Amino acid sequence: MAESKPRVWVSQPLFDDVVAQLAEHFELTCETQVRSYSSDELAECLAPLDGALVTLNERIGAAEIASARNLRAVANVGVGYNNLDLDALSAAGIAATNTPDVLTETTADLGFALLMATARRITEAEAFLRDGQWGAWSFTTLLGADLHGSTLGILGMGRIGQAIARRARGFGMRVVYHNRSQLTPEVEADVGASYVGFDELLAASDHLVLVLPYTPASHHVIDTDALAKMKPTATLVNIARGGIIDEVALADALANGRLAGAGLDVFEGEPKVRPELLALKNVVLTPHIGSASLATRRAMVQLAVDNLIAAMGVGPNAGHPPSLLNADALIAANTGGAIVGAKKNGATKTTTTKR
Ligand code: GLV
């Protein structure tokens with residue numbers, strides 16, 4: 001009797017031709033609709049599986065993997081992985097992977113698009129025109145702020161932050177940044193950015209862009225106090241995760257002239273967006289499309305597929321997924337092509353990658 005293939009689940013429609021590569025090695029179940037799963041539903045889905053290809057919609061931690069005795073790998077299609085509890089996955093010997101690098105430039109492009117749209121009030125201007133409010137050309141209609149000659153602040157200086165800094169140089173901006181660790185002088189010179197403390201970043205920025213990973217430490221790091229330290233003429237752009245900003249405090253600052261504008265691609269309760277934000281004119285809103293170019297989204301799925309195949313111990317990179325997040329989850333005991341998940345109990349150390 002032929003040996004059955006490991007079972008793999010793909011949590012939403014991605015690109016069929018890319019995902020089909022998994023069928024060579026695995027028995028595939030691919031969802032044909034985008035939907036959200038409760039914790040119980042996810043636990044039920046994961047229980048019989050050997051591997052899963054998931055997106056940021058799926059929050060996977062101890063409860064969701066409790067019955068998934070054979071689960072060996074979870075490949076996240078996305079660079080941010082706050083939807084995965086790495087400690088829980090590592091403790092269960094489940095490899096976790098993400099998709100860095102391939103989306104860096106595309107996401108930096110979107111960050112820049114939001115910086116420009118927010119500073120120059122592009123969506124507000126379009127709404128003004130479409131609403132028939134453009135009676136006569138006037139010198140003082142919809143005055144915005146300049147990017148050129150201004151100071152751009154970047155909070156979080158990983159790959160995407162650095163790609164934004166490079167773009168800013170072309171716009172004649174001065175760039176300051178704050179990060180957990182300071183870049184080397186060589187990298188600082190290459191991207192043209194200077195390190196400053198957090199408070200100085202807030203005070204100096206004419207435009208501030210958030211590109212840091214979302215962790216318990218970065219939850220609501222932009223709160224009432226932080227906003228009060230910013231210039232009232234400043235704009236704020238978030239392309240990281242919604243939970244980094246206290247959105248109630250932000251809406252209040254925007255409504256009361258304590259901040260000029262915001263460009264938001266991510267929201268704390270997405271896909272729900274707070275009515276307080278929706279009601280404001282000085283906010284540019286996009287539905288989490290940072291990496292959403294066709295080429296980049298395809299590259300992300302390809303990387304996730306490569307990660308999953310390798311993490312499951314097959315294919316040319318067997319045992320060496322290109323972007324493994326928790327090296328300790330695997331003891332790469334490559335027994336006849338199979339990677340053995342390890343450390344079912346006990347503490348594990350995890351590695352992290354920058355956005
Ligand atoms: C998208 O937000 C990602 O983390 O890739």
# chains A, B, ... in the order shown; residues from 1 in each chain; ligands from 1
>>> select_by_dssp(residues="segment 197-311 of chain A", states="alpha helix (DSSP H)", output="ChimeraX atom specification")
/A:198-204,224-228,247-255,275-278,294-311
>>> write_last_selection(atoms="C-alpha atoms", output="PDB file, in the first residue's frame")
ATOM      1  CA  PHE A 198      12.486  58.173  21.112  1.00  0.00           C
ATOM      2  CA  ASP A 199      11.413  61.554  22.497  1.00  0.00           C
ATOM      3  CA  GLU A 200      13.731  63.388  20.132  1.00  0.00           C
ATOM      4  CA  LEU A 201      12.300  61.419  17.226  1.00  0.00           C
ATOM      5  CA  LEU A 202       8.793  62.528  18.179  1.00  0.00           C
ATOM      6  CA  ALA A 203       9.806  66.158  18.618  1.00  0.00           C
ATOM      7  CA  ALA A 204      11.968  66.452  15.494  1.00  0.00           C
ATOM      8  CA  THR A 224      -1.486  60.393  24.233  1.00  0.00           C
ATOM      9  CA  ASP A 225       1.888  61.249  25.770  1.00  0.00           C
ATOM     10  CA  ALA A 226       3.825  60.419  22.617  1.00  0.00           C
ATOM     11  CA  LEU A 227       1.398  62.368  20.440  1.00  0.00           C
ATOM     12  CA  ALA A 228       1.732  65.384  22.744  1.00  0.00           C
ATOM     13  CA  GLU A 247      -6.211  54.934  17.963  1.00  0.00           C
ATOM     14  CA  VAL A 248      -8.556  56.726  20.364  1.00  0.00           C
ATOM     15  CA  ALA A 249      -5.736  59.075  21.341  1.00  0.00           C
ATOM     16  CA  LEU A 250      -4.798  59.522  17.687  1.00  0.00           C
ATOM     17  CA  ALA A 251      -8.351  60.365  16.598  1.00  0.00           C
ATOM     18  CA  ASP A 252      -8.581  62.870  19.433  1.00  0.00           C
ATOM     19  CA  ALA A 253      -5.277  64.537  18.462  1.00  0.00           C
ATOM     20  CA  LEU A 254      -6.330  64.702  14.793  1.00  0.00           C
ATOM     21  CA  ALA A 255      -9.757  66.096  15.611  1.00  0.00           C
ATOM     22  CA  PRO A 275     -15.757  55.314  13.481  1.00  0.00           C
ATOM     23  CA  GLU A 276     -13.767  58.144  15.075  1.00  0.00           C
ATOM     24  CA  LEU A 277     -11.092  57.672  12.396  1.00  0.00           C
ATOM     25  CA  LEU A 278     -13.571  57.190   9.549  1.00  0.00           C
ATOM     26  CA  LEU A 294       0.964  41.390  -7.824  1.00  0.00           C
ATOM     27  CA  ALA A 295       4.635  40.496  -8.201  1.00  0.00           C
ATOM     28  CA  THR A 296       5.376  40.849  -4.497  1.00  0.00           C
ATOM     29  CA  ARG A 297       2.332  38.938  -3.308  1.00  0.00           C
ATOM     30  CA  ARG A 298       3.287  36.100  -5.656  1.00  0.00           C
ATOM     31  CA  ALA A 299       6.868  36.185  -4.363  1.00  0.00           C
ATOM     32  CA  MET A 300       5.594  36.016  -0.776  1.00  0.00           C
ATOM     33  CA  VAL A 301       3.504  32.937  -1.507  1.00  0.00           C
ATOM     34  CA  GLN A 302       6.436  31.321  -3.326  1.00  0.00           C
ATOM     35  CA  LEU A 303       8.696  31.931  -0.319  1.00  0.00           C
ATOM     36  CA  ALA A 304       6.081  30.549   2.069  1.00  0.00           C
ATOM     37  CA  VAL A 305       5.716  27.449  -0.124  1.00  0.00           C
ATOM     38  CA  ASP A 306       9.516  27.001  -0.213  1.00  0.00           C
ATOM     39  CA  ASN A 307       9.627  27.437   3.563  1.00  0.00           C
ATOM     40  CA  LEU A 308       6.915  24.870   4.165  1.00  0.00           C
ATOM     41  CA  ILE A 309       8.399  22.250   1.847  1.00  0.00           C
ATOM     42  CA  ALA A 310      11.832  22.659   3.453  1.00  0.00           C
ATOM     43  CA  ALA A 311      10.483  22.722   7.007  1.00  0.00           C
TER      44      ALA A 311
END
>>> residues_near_ligand(ligand="ligand 1", cutoff="8 Å", atoms="only C-alpha atoms and all ligand atoms", output="list of chain:residue names")
A:Leu56, A:Val77, A:Gly78, A:Val79, A:Gly80, A:Tyr81, A:Thr99, A:Pro100, A:Leu103, A:Ile239, A:Ala240, A:Arg241, A:Val266, A:His288, A:Ile289, A:Gly290, A:Ser291, A:Arg355
>>> atom_distance(atom1="atom CA of Asp131 of chain A", atom2="atom CA of Val284 of chain A")
17.0 Å
>>> closest_residue(among="A:Ile60, A:Ala68, A:Ile160, A:Leu14", to="Glu105 of chain A", atoms="only C-alpha atoms")
A:Ile160
>>> residues_around(residues="Leu259 of chain A", least_positions_apart="3", cutoff="8 Å", atoms="only C-alpha atoms", output="PDB file with N, CA, C and O atoms, in the first residue's frame")
ATOM      1  N   LEU A 227       1.989  61.427  21.404  1.00  0.00           N
ATOM      2  CA  LEU A 227       1.398  62.368  20.440  1.00  0.00           C
ATOM      3  C   LEU A 227       1.613  63.812  20.900  1.00  0.00           C
ATOM      4  O   LEU A 227       1.843  64.709  20.083  1.00  0.00           O
ATOM      5  N   MET A 230       4.747  65.410  19.720  1.00  0.00           N
ATOM      6  CA  MET A 230       4.927  65.673  18.276  1.00  0.00           C
ATOM      7  C   MET A 230       4.516  67.100  17.943  1.00  0.00           C
ATOM      8  O   MET A 230       3.742  67.722  18.657  1.00  0.00           O
ATOM      9  N   LYS A 231       5.016  67.596  16.814  1.00  0.00           N
ATOM     10  CA  LYS A 231       4.612  68.930  16.354  1.00  0.00           C
ATOM     11  C   LYS A 231       3.145  68.879  15.940  1.00  0.00           C
ATOM     12  O   LYS A 231       2.740  67.917  15.276  1.00  0.00           O
ATOM     13  N   PRO A 232       2.379  69.906  16.220  1.00  0.00           N
ATOM     14  CA  PRO A 232       0.978  69.909  15.763  1.00  0.00           C
ATOM     15  C   PRO A 232       0.860  69.928  14.242  1.00  0.00           C
ATOM     16  O   PRO A 232      -0.175  69.556  13.686  1.00  0.00           O
ATOM     17  N   THR A 233       1.928  70.331  13.586  1.00  0.00           N
ATOM     18  CA  THR A 233       1.929  70.362  12.115  1.00  0.00           C
ATOM     19  C   THR A 233       2.380  69.039  11.505  1.00  0.00           C
ATOM     20  O   THR A 233       2.438  68.897  10.277  1.00  0.00           O
ATOM     21  N   ALA A 234       2.733  68.074  12.349  1.00  0.00           N
ATOM     22  CA  ALA A 234       3.328  66.832  11.837  1.00  0.00           C
ATOM     23  C   ALA A 234       2.266  65.882  11.286  1.00  0.00           C
ATOM     24  O   ALA A 234       1.073  65.998  11.579  1.00  0.00           O
ATOM     25  N   THR A 235       2.746  64.925  10.472  1.00  0.00           N
ATOM     26  CA  THR A 235       1.877  63.834  10.031  1.00  0.00           C
ATOM     27  C   THR A 235       2.480  62.508  10.521  1.00  0.00           C
ATOM     28  O   THR A 235       3.687  62.405  10.745  1.00  0.00           O
ATOM     29  N   ALA A 253      -6.307  63.556  18.857  1.00  0.00           N
ATOM     30  CA  ALA A 253      -5.277  64.537  18.462  1.00  0.00           C
ATOM     31  C   ALA A 253      -5.585  65.105  17.077  1.00  0.00           C
ATOM     32  O   ALA A 253      -5.437  66.314  16.833  1.00  0.00           O
ATOM     33  N   LEU A 254      -6.034  64.250  16.165  1.00  0.00           N
ATOM     34  CA  LEU A 254      -6.330  64.702  14.793  1.00  0.00           C
ATOM     35  C   LEU A 254      -7.551  65.622  14.767  1.00  0.00           C
ATOM     36  O   LEU A 254      -7.612  66.579  14.002  1.00  0.00           O
ATOM     37  N   ASN A 256      -8.546  67.518  17.146  1.00  0.00           N
ATOM     38  CA  ASN A 256      -8.381  68.738  17.933  1.00  0.00           C
ATOM     39  C   ASN A 256      -7.134  69.547  17.578  1.00  0.00           C
ATOM     40  O   ASN A 256      -6.632  70.318  18.394  1.00  0.00           O
TER      41      ASN A 256
END
>>> residues_around(residues="segment 211-222 of chain A", least_positions_apart="2", cutoff="6 Å", atoms="only C-alpha atoms", output="PyMOL selection string")
chain A and resi 155-156+161+226+240+243-246
